[in-house]
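So this one's input18.tsv, TSV, C-alpha atoms and all ligand atoms:
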```
chain	number	residue	atom	x	y	z
A	20	MET	CA	-22.29	0.74	14.10
A	21	LEU	CA	-20.43	3.79	15.36
A	22	ILE	CA	-21.06	7.31	14.08
A	23	ARG	CA	-19.15	10.33	15.32
A	24	GLU	CA	-19.31	13.95	14.24
A	25	ASN	CA	-16.56	16.55	13.78
A	26	ILE	CA	-13.68	14.34	14.74
A	27	SER	CA	-9.95	14.69	14.33
A	28	LEU	CA	-8.47	12.27	11.82
A	29	LEU	CA	-5.13	12.21	13.64
A	30	PRO	CA	-5.54	8.59	14.82
A	31	TYR	CA	-6.69	7.50	11.37
A	32	ASN	CA	-3.72	8.43	9.20
A	33	THR	CA	-0.14	7.24	9.59
A	34	PHE	CA	1.24	10.62	8.40
A	35	ARG	CA	-0.37	12.04	11.56
A	36	MET	CA	-2.09	14.97	9.89
A	37	ASP	CA	-4.59	16.68	12.18
A	38	ALA	CA	-7.40	17.13	9.65
A	39	LYS	CA	-11.06	17.03	10.70
A	40	ALA	CA	-13.96	15.04	9.26
A	41	LYS	CA	-17.62	16.04	9.42
A	42	ILE	CA	-18.71	12.42	10.01
A	43	PHE	CA	-16.75	9.26	10.85
A	44	ALA	CA	-18.79	6.06	10.52
A	45	GLU	CA	-17.64	2.54	11.27
A	46	TYR	CA	-19.67	-0.53	10.28
A	47	SER	CA	-19.51	-4.11	11.51
A	48	SER	CA	-21.41	-5.91	8.75
A	49	VAL	CA	-22.28	-5.51	5.08
A	50	GLU	CA	-25.88	-4.70	6.13
A	51	GLU	CA	-24.62	-1.82	8.27
A	52	LEU	CA	-22.47	-0.60	5.38
A	53	ARG	CA	-25.55	-0.60	3.10
A	54	ALA	CA	-27.53	1.34	5.71
A	55	LEU	CA	-24.75	3.96	5.92
A	56	LEU	CA	-24.59	4.29	2.14
A	57	GLU	CA	-28.36	4.88	2.10
A	58	GLN	CA	-28.24	7.34	5.02
A	59	TYR	CA	-25.45	9.44	3.50
A	60	LYS	CA	-26.45	9.17	-0.17
A	61	GLY	CA	-25.13	12.20	-2.05
A	62	ASP	CA	-22.56	13.22	0.59
A	63	PRO	CA	-18.86	13.07	-0.26
A	64	LEU	CA	-17.61	9.65	0.91
A	65	LEU	CA	-14.12	8.40	1.63
A	66	HIS	CA	-13.53	4.82	2.69
A	67	ILE	CA	-10.28	4.44	4.59
A	68	GLY	CA	-8.32	1.45	5.80
A	69	ALA	CA	-5.45	2.03	8.21
A	70	GLY	CA	-4.82	5.44	6.60
A	71	SER	CA	-1.33	4.28	5.66
A	72	ASN	CA	-1.36	5.45	2.07
A	73	LEU	CA	-3.05	8.81	2.17
A	74	LEU	CA	-2.29	12.42	2.93
A	75	PHE	CA	-5.08	14.62	4.28
A	76	THR	CA	-4.31	18.02	2.77
A	77	LYS	CA	-7.41	19.64	4.33
A	78	ASP	CA	-10.48	18.92	6.44
A	79	PHE	CA	-12.87	16.41	4.91
A	80	ASP	CA	-16.37	17.83	4.59
A	81	GLY	CA	-18.12	14.51	4.24
A	82	VAL	CA	-18.32	10.98	5.58
A	83	ILE	CA	-15.27	8.88	6.35
A	84	LEU	CA	-16.20	5.20	6.29
A	85	HIS	CA	-14.20	2.53	8.08
A	86	SER	CA	-14.75	-1.18	8.46
A	87	ALA	CA	-14.73	-2.99	11.78
A	88	MET	CA	-15.24	-6.32	9.98
A	89	ARG	CA	-12.12	-8.28	10.86
A	90	ARG	CA	-12.73	-12.00	10.40
A	91	ALA	CA	-11.09	-14.53	8.12
A	92	ARG	CA	-12.25	-18.05	7.27
A	93	CYS	CA	-11.29	-20.92	5.05
A	94	VAL	CA	-13.79	-21.20	2.19
A	95	SER	CA	-12.26	-24.10	0.24
A	96	GLU	CA	-9.23	-26.35	-0.02
A	97	ASP	CA	-7.74	-29.08	-2.12
A	98	ALA	CA	-4.52	-31.07	-1.93
A	99	ASP	CA	-2.35	-28.07	-2.86
A	100	TYR	CA	-4.19	-24.88	-2.00
A	101	VAL	CA	-6.37	-23.28	0.61
A	102	TRP	CA	-8.74	-20.43	-0.15
A	103	ILE	CA	-9.04	-17.91	2.67
A	104	GLU	CA	-11.68	-15.19	2.64
A	105	ALA	CA	-10.75	-12.16	4.74
A	106	GLU	CA	-12.90	-9.19	5.65
A	107	ASN	CA	-11.77	-5.74	4.57
A	108	GLY	CA	-11.02	-4.30	8.05
A	109	LEU	CA	-8.67	-7.06	9.11
A	110	VAL	CA	-5.08	-5.82	9.50
A	111	LEU	CA	-3.20	-7.52	6.67
A	112	ASP	CA	-0.16	-8.27	8.81
A	113	GLU	CA	-2.30	-9.99	11.48
A	114	LEU	CA	-3.67	-12.30	8.80
A	115	ILE	CA	-0.15	-12.99	7.49
A	116	ALA	CA	1.14	-13.77	10.99
A	117	GLN	CA	-1.63	-16.34	11.51
A	118	LEU	CA	-1.09	-17.92	8.09
A	119	CYS	CA	2.66	-18.22	8.65
A	120	ASP	CA	1.95	-19.81	12.02
A	121	MET	CA	-0.09	-22.46	10.25
A	122	GLY	CA	2.61	-22.97	7.59
A	123	ILE	CA	0.36	-21.55	4.84
A	124	SER	CA	2.32	-19.48	2.35
A	125	GLY	CA	1.89	-16.89	-0.36
A	126	LEU	CA	1.60	-13.66	1.60
A	127	GLU	CA	4.73	-13.87	3.82
A	128	ASN	CA	6.78	-11.47	1.64
A	129	LEU	CA	4.13	-8.81	2.36
A	130	SER	CA	4.72	-9.03	6.12
A	131	TYR	CA	4.75	-5.82	8.14
A	132	ILE	CA	3.19	-3.64	5.44
A	133	PRO	CA	0.91	-1.34	7.40
A	134	GLY	CA	-2.67	-1.52	6.17
A	135	GLU	CA	-5.90	-3.46	6.06
A	136	VAL	CA	-7.09	-6.21	3.73
A	137	GLY	CA	-9.57	-4.10	1.72
A	138	ALA	CA	-7.22	-1.22	0.92
A	139	SER	CA	-4.34	-3.60	0.15
A	140	ALA	CA	-6.51	-5.17	-2.56
A	141	VAL	CA	-7.38	-1.76	-4.04
A	142	GLN	CA	-3.75	-0.66	-4.04
A	143	ASN	CA	-2.22	-4.05	-4.98
A	144	VAL	CA	0.45	-3.62	-2.31
A	145	GLY	CA	3.77	-5.26	-3.03
A	146	ALA	CA	7.14	-5.99	-1.49
A	147	TYR	CA	10.14	-8.27	-1.96
A	148	GLY	CA	9.06	-9.64	-5.33
A	149	VAL	CA	5.42	-10.38	-4.45
A	150	GLU	CA	2.28	-8.34	-5.06
A	151	ALA	CA	-1.15	-8.88	-3.51
A	152	LYS	CA	-2.50	-9.71	-6.99
A	153	ASP	CA	-0.32	-12.84	-7.12
A	154	VAL	CA	-2.50	-14.52	-4.49
A	155	ILE	CA	-5.87	-12.74	-4.82
A	156	GLU	CA	-8.43	-15.08	-6.34
A	157	SER	CA	-11.35	-12.65	-6.24
A	158	VAL	CA	-12.80	-9.74	-4.29
A	159	ARG	CA	-16.36	-9.05	-3.16
A	160	ALA	CA	-17.53	-5.45	-3.30
A	161	VAL	CA	-20.61	-3.36	-2.60
A	162	SER	CA	-21.80	-0.72	-5.06
A	163	ILE	CA	-21.87	2.74	-3.51
A	164	ALA	CA	-24.73	3.80	-5.81
A	165	ASP	CA	-27.24	1.03	-4.99
A	166	GLY	CA	-25.73	-1.32	-2.38
A	167	THR	CA	-25.69	-4.35	-4.69
A	168	GLU	CA	-22.90	-6.88	-4.32
A	169	ARG	CA	-20.53	-7.87	-7.10
A	170	ILE	CA	-17.70	-10.37	-7.23
A	171	PHE	CA	-14.65	-9.39	-9.28
A	172	SER	CA	-12.27	-12.09	-10.48
A	173	ASN	CA	-8.56	-11.34	-10.30
A	174	ALA	CA	-8.57	-10.49	-14.04
A	175	GLU	CA	-11.54	-8.15	-13.62
A	176	CYS	CA	-9.61	-6.20	-10.97
A	177	GLN	CA	-7.18	-5.18	-13.76
A	178	TYR	CA	-4.20	-5.22	-11.45
A	179	GLY	CA	-0.99	-3.39	-12.27
A	180	TYR	CA	1.93	-1.97	-10.27
A	181	ARG	CA	0.20	-0.35	-7.24
A	182	ASP	CA	-2.88	-0.12	-9.42
A	183	SER	CA	-6.32	-1.65	-10.01
A	184	ILE	CA	-9.68	-0.89	-11.63
A	185	PHE	CA	-10.76	0.51	-8.23
A	186	LYS	CA	-8.22	3.34	-8.63
A	187	ASN	CA	-9.28	4.04	-12.22
A	188	GLU	CA	-12.64	3.55	-13.94
A	189	LEU	CA	-14.36	2.25	-10.77
A	190	ARG	CA	-12.80	4.83	-8.45
A	191	GLY	CA	-15.38	5.85	-5.84
A	192	LYS	CA	-17.92	3.33	-7.19
A	193	TYR	CA	-17.35	0.20	-5.08
A	194	ILE	CA	-16.22	-0.72	-1.57
A	195	ILE	CA	-14.31	-3.99	-1.33
A	196	THR	CA	-15.74	-5.91	1.62
A	197	HIS	CA	-14.03	-9.31	1.26
A	198	VAL	CA	-10.90	-10.65	-0.39
A	199	VAL	CA	-10.37	-14.31	-1.26
A	200	TYR	CA	-6.72	-15.40	-1.35
A	201	ARG	CA	-5.51	-18.63	-2.90
A	202	LEU	CA	-2.63	-19.77	-0.71
A	203	ASN	CA	-0.19	-22.66	-0.82
A	204	LYS	CA	-0.07	-25.69	1.42
A	205	HIS	CA	3.33	-26.57	-0.07
A	206	PHE	CA	5.87	-23.83	0.49
A	207	GLU	CA	7.53	-22.31	-2.57
A	208	PRO	CA	9.70	-19.51	-1.19
A	209	LYS	CA	10.16	-16.39	-3.33
A	210	LEU	CA	13.56	-15.09	-2.36
A	211	ASN	CA	14.87	-13.43	-5.52
A	212	TYR	CA	14.51	-9.84	-4.35
A	213	GLY	CA	17.68	-8.05	-3.18
A	214	ASP	CA	19.23	-9.45	-0.03
A	215	LEU	CA	16.17	-11.44	1.10
A	216	SER	CA	17.72	-14.82	0.35
A	217	SER	CA	20.83	-14.20	2.48
A	218	GLU	CA	18.72	-12.72	5.28
A	219	VAL	CA	16.51	-15.82	5.36
A	220	GLY	CA	19.35	-18.36	5.40
A	221	SER	CA	18.90	-22.09	4.81
A	222	ASP	CA	15.73	-24.20	5.16
A	223	PRO	CA	13.24	-21.36	4.80
A	224	THR	CA	9.74	-21.65	6.22
A	225	PRO	CA	6.88	-19.16	5.75
A	226	MET	CA	7.62	-17.91	9.28
A	227	SER	CA	11.38	-17.52	8.72
A	228	VAL	CA	10.72	-15.55	5.51
A	229	ARG	CA	8.24	-13.38	7.40
A	230	GLU	CA	10.80	-12.72	10.12
A	231	ALA	CA	13.51	-11.88	7.57
A	232	VAL	CA	11.20	-9.46	5.73
A	233	ILE	CA	10.36	-7.78	9.04
A	234	ARG	CA	14.07	-7.40	9.90
A	235	ILE	CA	14.82	-5.82	6.50
A	236	ARG	CA	11.83	-3.49	6.71
A	237	GLN	CA	12.79	-2.43	10.23
A	238	GLN	CA	16.28	-1.50	9.04
A	239	LYS	CA	15.09	0.61	6.09
A	240	LEU	CA	11.62	1.91	6.79
A	241	PRO	CA	10.31	4.09	9.62
A	242	GLU	CA	7.96	2.53	12.17
A	243	VAL	CA	4.66	4.32	11.58
A	244	SER	CA	4.01	4.17	15.34
A	245	GLU	CA	7.17	6.24	15.96
A	246	LEU	CA	7.53	8.49	12.92
A	247	GLY	CA	4.64	9.62	10.72
A	248	SER	CA	4.89	8.47	7.11
A	249	ALA	CA	2.91	6.67	4.43
A	250	GLY	CA	5.61	4.21	3.35
A	251	SER	CA	6.92	4.84	-0.14
A	252	PHE	CA	5.70	8.26	-1.18
A	253	PHE	CA	6.45	7.81	-4.89
A	254	LYS	CA	6.11	4.95	-7.35
A	255	ASN	CA	9.22	3.66	-9.08
A	256	PRO	CA	9.18	5.01	-12.66
A	257	ILE	CA	9.35	2.72	-15.70
A	258	VAL	CA	11.26	4.50	-18.45
A	259	PRO	CA	12.05	3.76	-22.12
A	260	ARG	CA	15.33	1.91	-22.67
A	261	GLU	CA	16.91	4.99	-24.35
A	262	VAL	CA	16.32	7.06	-21.23
A	263	TYR	CA	17.97	4.43	-19.05
A	264	GLU	CA	20.91	4.13	-21.47
A	265	ALA	CA	21.44	7.89	-21.53
A	266	ILE	CA	21.58	7.94	-17.72
A	267	SER	CA	23.87	4.91	-17.47
A	268	ALA	CA	26.30	6.57	-19.88
A	269	GLN	CA	26.71	9.31	-17.28
A	270	TYR	CA	26.54	7.39	-13.99
A	271	GLU	CA	28.35	4.31	-12.85
A	272	LYS	CA	26.08	1.39	-11.91
A	273	VAL	CA	22.55	2.69	-12.27
A	274	PRO	CA	20.27	0.24	-10.43
A	275	HIS	CA	17.56	-1.00	-12.78
A	276	TYR	CA	15.11	-3.84	-13.39
A	277	GLU	CA	13.88	-5.06	-16.75
A	278	GLN	CA	10.08	-4.76	-16.94
A	279	GLU	CA	7.39	-5.27	-19.50
A	280	GLY	CA	7.29	-1.96	-21.38
A	281	GLY	CA	10.61	-0.51	-20.21
A	282	ILE	CA	13.18	-0.29	-17.45
A	283	LYS	CA	12.32	0.37	-13.83
A	284	ILE	CA	14.78	2.72	-12.12
A	285	PRO	CA	14.37	2.99	-8.32
A	286	ALA	CA	12.97	6.41	-7.48
A	287	ALA	CA	15.08	6.17	-4.29
A	288	TRP	CA	18.23	6.28	-6.41
A	289	LEU	CA	17.02	9.19	-8.55
A	290	ILE	CA	16.06	11.17	-5.43
A	291	GLU	CA	19.36	10.42	-3.72
A	292	GLN	CA	21.30	11.63	-6.79
A	293	CYS	CA	19.39	14.91	-6.56
A	294	GLY	CA	20.75	15.35	-3.03
A	295	TRP	CA	17.44	15.07	-1.19
A	296	LYS	CA	18.24	12.15	1.11
A	297	GLY	CA	17.81	13.34	4.72
A	298	LYS	CA	16.87	16.92	3.70
A	299	MET	CA	14.01	18.77	5.36
A	300	MET	CA	11.40	21.32	4.27
A	301	GLY	CA	9.45	22.73	7.18
A	302	GLY	CA	8.65	19.73	9.38
A	303	ALA	CA	8.76	17.24	6.49
A	304	GLN	CA	11.83	15.16	5.73
A	305	CYS	CA	13.07	12.94	2.93
A	306	TYR	CA	13.90	9.89	5.07
A	307	GLU	CA	17.62	9.43	5.61
A	308	LYS	CA	17.57	5.62	5.29
A	309	GLN	CA	15.20	5.35	2.30
A	310	PRO	CA	14.62	8.56	0.30
A	311	LEU	CA	11.50	7.15	-1.36
A	312	VAL	CA	9.78	7.70	1.98
A	313	LEU	CA	8.75	11.16	3.21
A	314	VAL	CA	8.34	11.48	6.96
A	315	ASN	CA	6.62	13.82	9.38
A	316	ARG	CA	9.80	14.61	11.33
A	317	ASN	CA	8.69	17.68	13.23
A	318	ASN	CA	4.98	18.55	13.29
A	319	ALA	CA	4.83	18.78	9.51
A	320	THR	CA	1.80	20.44	7.99
A	321	PRO	CA	0.18	18.98	4.86
A	322	GLU	CA	1.77	21.90	2.94
A	323	ASP	CA	5.23	20.89	4.17
A	324	ILE	CA	4.76	17.37	2.76
A	325	VAL	CA	3.18	18.60	-0.49
A	326	ASN	CA	5.94	21.20	-1.00
A	327	LEU	CA	8.72	18.71	-0.29
A	328	ALA	CA	7.18	16.17	-2.68
A	329	ALA	CA	6.80	18.82	-5.39
A	330	ALA	CA	10.40	20.03	-4.97
A	331	ILE	CA	11.72	16.46	-5.21
A	332	CYS	CA	9.62	15.75	-8.33
A	333	LYS	CA	10.86	18.95	-9.97
A	334	ASP	CA	14.51	18.15	-9.30
A	335	VAL	CA	14.18	14.59	-10.61
A	336	GLN	CA	12.45	15.97	-13.70
A	337	ASP	CA	15.09	18.68	-14.26
A	338	LYS	CA	18.08	16.39	-13.69
A	339	PHE	CA	16.91	13.19	-15.39
A	340	GLY	CA	13.88	14.20	-17.49
A	341	ILE	CA	11.89	11.54	-15.58
A	342	THR	CA	8.48	12.20	-14.04
A	343	ILE	CA	7.98	10.48	-10.70
A	344	SER	CA	4.46	10.40	-9.33
A	345	PRO	CA	3.11	9.94	-5.82
A	346	GLU	CA	1.83	6.56	-4.78
A	347	VAL	CA	0.17	8.27	-1.82
A	348	ASN	CA	-3.38	9.58	-2.36
A	349	TYR	CA	-3.85	13.26	-1.68
A	350	ILE	CA	-7.26	13.91	-0.10
A	401	LIG	N1	18.25	2.94	-3.23
A	401	LIG	C1	19.10	4.04	-3.26
A	401	LIG	N2	19.27	4.76	-2.11
A	401	LIG	C2	18.66	4.41	-0.95
A	401	LIG	C3	17.79	3.31	-0.90
A	401	LIG	C4	17.60	2.57	-2.07
A	401	LIG	O1	19.67	4.36	-4.27
A	401	LIG	O2	18.89	5.12	0.04
A	401	LIG	C5	18.08	2.15	-4.45
A	401	LIG	C6	19.00	0.94	-4.41
A	401	LIG	O3	19.51	0.73	-5.69
A	401	LIG	C7	18.05	-0.19	-4.05
A	401	LIG	C8	16.81	0.26	-4.77
A	401	LIG	O4	16.76	1.67	-4.57
A	401	LIG	O5	18.49	-1.43	-4.54
A	401	LIG	C9	15.53	-0.39	-4.28
A	401	LIG	O6	15.38	-0.11	-2.89
A	401	LIG	P1	14.39	-0.98	-2.00
A	401	LIG	O7	14.70	-2.44	-2.13
A	401	LIG	O8	14.36	-0.41	-0.62
A	401	LIG	O9	12.96	-0.84	-2.69
A	401	LIG	P2	12.19	0.38	-3.37
A	401	LIG	O10	12.10	0.15	-4.82
A	401	LIG	O11	12.74	1.68	-2.93
A	401	LIG	C10	9.87	-0.85	-3.26
A	401	LIG	C11	8.49	-0.62	-2.76
A	401	LIG	C12	8.43	-0.78	-1.24
A	401	LIG	C13	8.86	-2.19	-0.91
A	401	LIG	C14	10.28	-2.42	-1.45
A	401	LIG	C15	10.75	-3.84	-1.28
A	401	LIG	C16	7.53	0.96	-4.32
A	401	LIG	C17	6.98	2.33	-4.53
A	401	LIG	N3	8.04	0.72	-3.12
A	401	LIG	O12	10.71	0.17	-2.72
A	401	LIG	O13	7.07	-0.64	-0.85
A	401	LIG	O14	8.84	-2.42	0.49
A	401	LIG	O15	10.30	-2.16	-2.88
A	401	LIG	O16	10.07	-4.67	-2.15
A	401	LIG	O17	7.45	0.14	-5.24
A	401	LIG	C18	5.47	0.95	-0.11
A	401	LIG	O18	4.88	0.77	-1.17
A	401	LIG	O19	5.04	1.74	0.76
A	401	LIG	C19	6.72	0.25	0.14
A	401	LIG	C20	7.46	0.48	1.24
```
Please express the file's structure as structure tokens.
Amino acid sequence: MLIRENISLLPYNTFRMDAKAKIFAEYSSVEELRALLEQYKGDPLLHIGAGSNLLFTKDFDGVILHSAMRRARCVSEDADYVWIEAENGLVLDELIAQLCDMGISGLENLSYIPGEVGASAVQNVGAYGVEAKDVIESVRAVSIADGTERIFSNAECQYGYRDSIFKNELRGKYIITHVVYRLNKHFEPKLNYGDLSSEVGSDPTPMSVREAVIRIRQQKLPEVSELGSAGSFFKNPIVPREVYEAISAQYEKVPHYEQEGGIKIPAAWLIEQCGWKGKMMGGAQCYEKQPLVLVNRNNATPEDIVNLAAAICKDVQDKFGITISPEVNYI
């Protein structure tokens, strides 16, 4: 167990905000996590993963928890599937690289997403037509109130687009410690999204899909090691059909995807139409290659990012009557 006091959170968030935390505590087992929960009962707690989906807007006057549990093991298999249980602190992309190496598929479209296993199951990360929920069998979690363990089935996690029960009614109540994925021994590539199929080419393997996804991501998205960001800053809005039709009467070729409950219009397109692509506010920038991403271009303060996000939301609202909301968590 590692406990540090009054530390800078700079290394713990991909936006590279220099906020401070009163306590930073890292545990290496569920028993250590329980001991920390007991020790800091009543204090404000924030469990972080790789810090790739949050924005520290101020210092955190409480305890930041982080997992140093990073193992994965096979818990079951049959002729078609293998069930892998991964610990919450394992970097998701490291797990995916190993699985692709072994020819085990299901997670390859999520390659190169920055983040750890636990947070990716809270957030239901997604990319290139696959979401974490498609392969999550169950998650194991510890209650913050009393340290008891509970297993949630996939259905009990109430997954939605970048959403789960852990972001809603159980927010701040449980810490996911383990995720069980049901993965395929027989490869069924999912290549319907955008230009993935042409990038992969013929005879796809889990590894060739992984490599194609990485190439596409590297072309469009900033490397968090080089330029601070938290990936997509906003969620793509799902709007009623009438709203989409009104917009498509005014604009040629509005990109859109049919969804349950409406039409998804890429927020990137809406933001670009408002003229924000590449624009800066203070040290924050609307990324020039993918306007859904806000980047820390030049020593941005939290206010710079918050102000830029608010200005973009306002313009999208004024121009299209559509509310876009952040996918990033403001702390
Ligand atoms: N577009 C523009 N201008 C641009 C870029 C994109 O108009 O400069 C439009 C195009 O019509 C394009 C469409 O936006 O076809 C979609 O763009 P893209 O395929 O890059 O995906 P996205 O909807 O912007 C989502 C996820 C990403 C994920 C990609 C690929 C969300 C919030 N974001 O972005 O996830 O990698 O799809 O599946 O759903 C993340 O969550 O951090 C993230 C990067």
Within 8 Å of ligand LIG 401 (chain A): each chain A residue with its shortest pair, all atoms listed in the file, as JSON lines:
```
{"residue": "A:Asn72", "atom": "CA", "partner": "A:LIG401", "partner_atom": "O19", "distance": 7.5}
{"residue": "A:Ile132", "atom": "CA", "partner": "A:LIG401", "partner_atom": "C20", "distance": 7.3}
{"residue": "A:Val144", "atom": "CA", "partner": "A:LIG401", "partner_atom": "O18", "distance": 6.3}
{"residue": "A:Gly145", "atom": "CA", "partner": "A:LIG401", "partner_atom": "O13", "distance": 6.1}
{"residue": "A:Ala146", "atom": "CA", "partner": "A:LIG401", "partner_atom": "O16", "distance": 3.3}
{"residue": "A:Tyr147", "atom": "CA", "partner": "A:LIG401", "partner_atom": "O16", "distance": 3.6}
{"residue": "A:Gly148", "atom": "CA", "partner": "A:LIG401", "partner_atom": "O16", "distance": 6.0}
{"residue": "A:Val149", "atom": "CA", "partner": "A:LIG401", "partner_atom": "O16", "distance": 7.7}
{"residue": "A:Tyr180", "atom": "CA", "partner": "A:LIG401", "partner_atom": "O17", "distance": 7.8}
{"residue": "A:Arg181", "atom": "CA", "partner": "A:LIG401", "partner_atom": "O17", "distance": 7.5}
{"residue": "A:Tyr212", "atom": "CA", "partner": "A:LIG401", "partner_atom": "O16", "distance": 7.2}
{"residue": "A:Gly213", "atom": "CA", "partner": "A:LIG401", "partner_atom": "O7", "distance": 6.4}
{"residue": "A:Arg236", "atom": "CA", "partner": "A:LIG401", "partner_atom": "O14", "distance": 7.0}
{"residue": "A:Lys239", "atom": "CA", "partner": "A:LIG401", "partner_atom": "O8", "distance": 6.8}
{"residue": "A:Leu240", "atom": "CA", "partner": "A:LIG401", "partner_atom": "C20", "distance": 7.1}
{"residue": "A:Ala249", "atom": "CA", "partner": "A:LIG401", "partner_atom": "O19", "distance": 6.5}
{"residue": "A:Gly250", "atom": "CA", "partner": "A:LIG401", "partner_atom": "O19", "distance": 3.6}
{"residue": "A:Ser251", "atom": "CA", "partner": "A:LIG401", "partner_atom": "O19", "distance": 3.7}
{"residue": "A:Phe252", "atom": "CA", "partner": "A:LIG401", "partner_atom": "O19", "distance": 6.8}
{"residue": "A:Phe253", "atom": "CA", "partner": "A:LIG401", "partner_atom": "C17", "distance": 5.5}
{"residue": "A:Lys254", "atom": "CA", "partner": "A:LIG401", "partner_atom": "C17", "distance": 3.9}
{"residue": "A:Asn255", "atom": "CA", "partner": "A:LIG401", "partner_atom": "C17", "distance": 5.2}
{"residue": "A:Val273", "atom": "CA", "partner": "A:LIG401", "partner_atom": "O3", "distance": 7.5}
{"residue": "A:Pro274", "atom": "CA", "partner": "A:LIG401", "partner_atom": "O3", "distance": 4.8}
{"residue": "A:His275", "atom": "CA", "partner": "A:LIG401", "partner_atom": "O3", "distance": 7.6}
{"residue": "A:Ile284", "atom": "CA", "partner": "A:LIG401", "partner_atom": "O4", "distance": 7.9}
{"residue": "A:Pro285", "atom": "CA", "partner": "A:LIG401", "partner_atom": "O4", "distance": 4.6}
{"residue": "A:Ala286", "atom": "CA", "partner": "A:LIG401", "partner_atom": "O11", "distance": 6.6}
{"residue": "A:Ala287", "atom": "CA", "partner": "A:LIG401", "partner_atom": "N1", "distance": 4.6}
{"residue": "A:Trp288", "atom": "CA", "partner": "A:LIG401", "partner_atom": "O1", "distance": 3.2}
{"residue": "A:Leu289", "atom": "CA", "partner": "A:LIG401", "partner_atom": "O1", "distance": 7.0}
{"residue": "A:Ile290", "atom": "CA", "partner": "A:LIG401", "partner_atom": "O1", "distance": 7.8}
{"residue": "A:Glu291", "atom": "CA", "partner": "A:LIG401", "partner_atom": "N2", "distance": 5.9}
{"residue": "A:Gln292", "atom": "CA", "partner": "A:LIG401", "partner_atom": "O1", "distance": 7.9}
{"residue": "A:Lys296", "atom": "CA", "partner": "A:LIG401", "partner_atom": "O2", "distance": 7.1}
{"residue": "A:Glu307", "atom": "CA", "partner": "A:LIG401", "partner_atom": "O2", "distance": 7.2}
{"residue": "A:Lys308", "atom": "CA", "partner": "A:LIG401", "partner_atom": "O2", "distance": 5.4}
{"residue": "A:Gln309", "atom": "CA", "partner": "A:LIG401", "partner_atom": "O2", "distance": 4.3}
{"residue": "A:Pro310", "atom": "CA", "partner": "A:LIG401", "partner_atom": "O2", "distance": 5.5}
{"residue": "A:Leu311", "atom": "CA", "partner": "A:LIG401", "partner_atom": "O11", "distance": 5.8}
{"residue": "A:Val312", "atom": "CA", "partner": "A:LIG401", "partner_atom": "C20", "distance": 7.6}
{"residue": "A:Glu346", "atom": "CA", "partner": "A:LIG401", "partner_atom": "C17", "distance": 6.7}
```
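If you look at atom CA of Ile22 of chain A and atom CA of Met88 of chain A, they are 15.4 Å away from each other.
Candidate residues A:Ser86, A:Ser248, A:Ser130, A:Thr320 were compared for distance to Tyr306 of chain A, and the nearest is A:Ser248, using only C-alpha atoms.
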Per-residue nearest contacts of segment 132-160 of chain A to segment 164-177 of chain A (10 Å; only C-alpha atoms) as JSON lines:
```
{"residue": "A:Ala140", "atom": "CA", "partner": "A:Cys176", "partner_atom": "CA", "distance": 9.0}
{"residue": "A:Val141", "atom": "CA", "partner": "A:Cys176", "partner_atom": "CA", "distance": 8.5}
{"residue": "A:Asn143", "atom": "CA", "partner": "A:Cys176", "partner_atom": "CA", "distance": 9.8}
{"residue": "A:Lys152", "atom": "CA", "partner": "A:Asn173", "partner_atom": "CA", "distance": 7.1}
{"residue": "A:Asp153", "atom": "CA", "partner": "A:Asn173", "partner_atom": "CA", "distance": 9.0}
{"residue": "A:Val154", "atom": "CA", "partner": "A:Asn173", "partner_atom": "CA", "distance": 9.0}
{"residue": "A:Ile155", "atom": "CA", "partner": "A:Asn173", "partner_atom": "CA", "distance": 6.3}
{"residue": "A:Glu156", "atom": "CA", "partner": "A:Asn173", "partner_atom": "CA", "distance": 5.4}
{"residue": "A:Ser157", "atom": "CA", "partner": "A:Ser172", "partner_atom": "CA", "distance": 4.4}
{"residue": "A:Val158", "atom": "CA", "partner": "A:Phe171", "partner_atom": "CA", "distance": 5.3}
{"residue": "A:Arg159", "atom": "CA", "partner": "A:Ile170", "partner_atom": "CA", "distance": 4.5}
{"residue": "A:Ala160", "atom": "CA", "partner": "A:Arg169", "partner_atom": "CA", "distance": 5.4}
```
Take atom CA of Glu218 of chain A and atom CA of Asn128 of chain A and report the distance between them in Å, one decimal. 12.5 Å
Could you list, as a PyMOL selection string, every residue within 12 Å of segment 91-99 of chain A, counting all atoms listed in the file and ignoring same-chain residues fewer than 4 positions away? chain A and resi 103-111+113-115+117-118+123-124+136+156+196-207
Could those selected residues go to a file with C-alpha atoms, as a compact mmCIF listing (two decimals), keeping the file's coordinate frame?
```
# COMPACT_ATOMS: atom_id res chain seq x y z
CA ILE A 103 -9.04 -17.91 2.67
CA GLU A 104 -11.68 -15.19 2.64
CA ALA A 105 -10.75 -12.16 4.74
CA GLU A 106 -12.90 -9.19 5.65
CA ASN A 107 -11.77 -5.74 4.57
CA GLY A 108 -11.02 -4.30 8.05
CA LEU A 109 -8.67 -7.06 9.11
CA VAL A 110 -5.08 -5.82 9.50
CA LEU A 111 -3.20 -7.52 6.67
CA GLU A 113 -2.30 -9.99 11.48
CA LEU A 114 -3.67 -12.30 8.80
CA ILE A 115 -0.15 -12.99 7.49
CA GLN A 117 -1.63 -16.34 11.51
CA LEU A 118 -1.09 -17.92 8.09
CA ILE A 123 0.36 -21.55 4.84
CA SER A 124 2.32 -19.48 2.35
CA VAL A 136 -7.09 -6.21 3.73
CA GLU A 156 -8.43 -15.08 -6.34
CA THR A 196 -15.74 -5.91 1.62
CA HIS A 197 -14.03 -9.31 1.26
CA VAL A 198 -10.90 -10.65 -0.39
CA VAL A 199 -10.37 -14.31 -1.26
CA TYR A 200 -6.72 -15.40 -1.35
CA ARG A 201 -5.51 -18.63 -2.90
CA LEU A 202 -2.63 -19.77 -0.71
CA ASN A 203 -0.19 -22.66 -0.82
CA LYS A 204 -0.07 -25.69 1.42
CA HIS A 205 3.33 -26.57 -0.07
CA PHE A 206 5.87 -23.83 0.49
CA GLU A 207 7.53 -22.31 -2.57
```
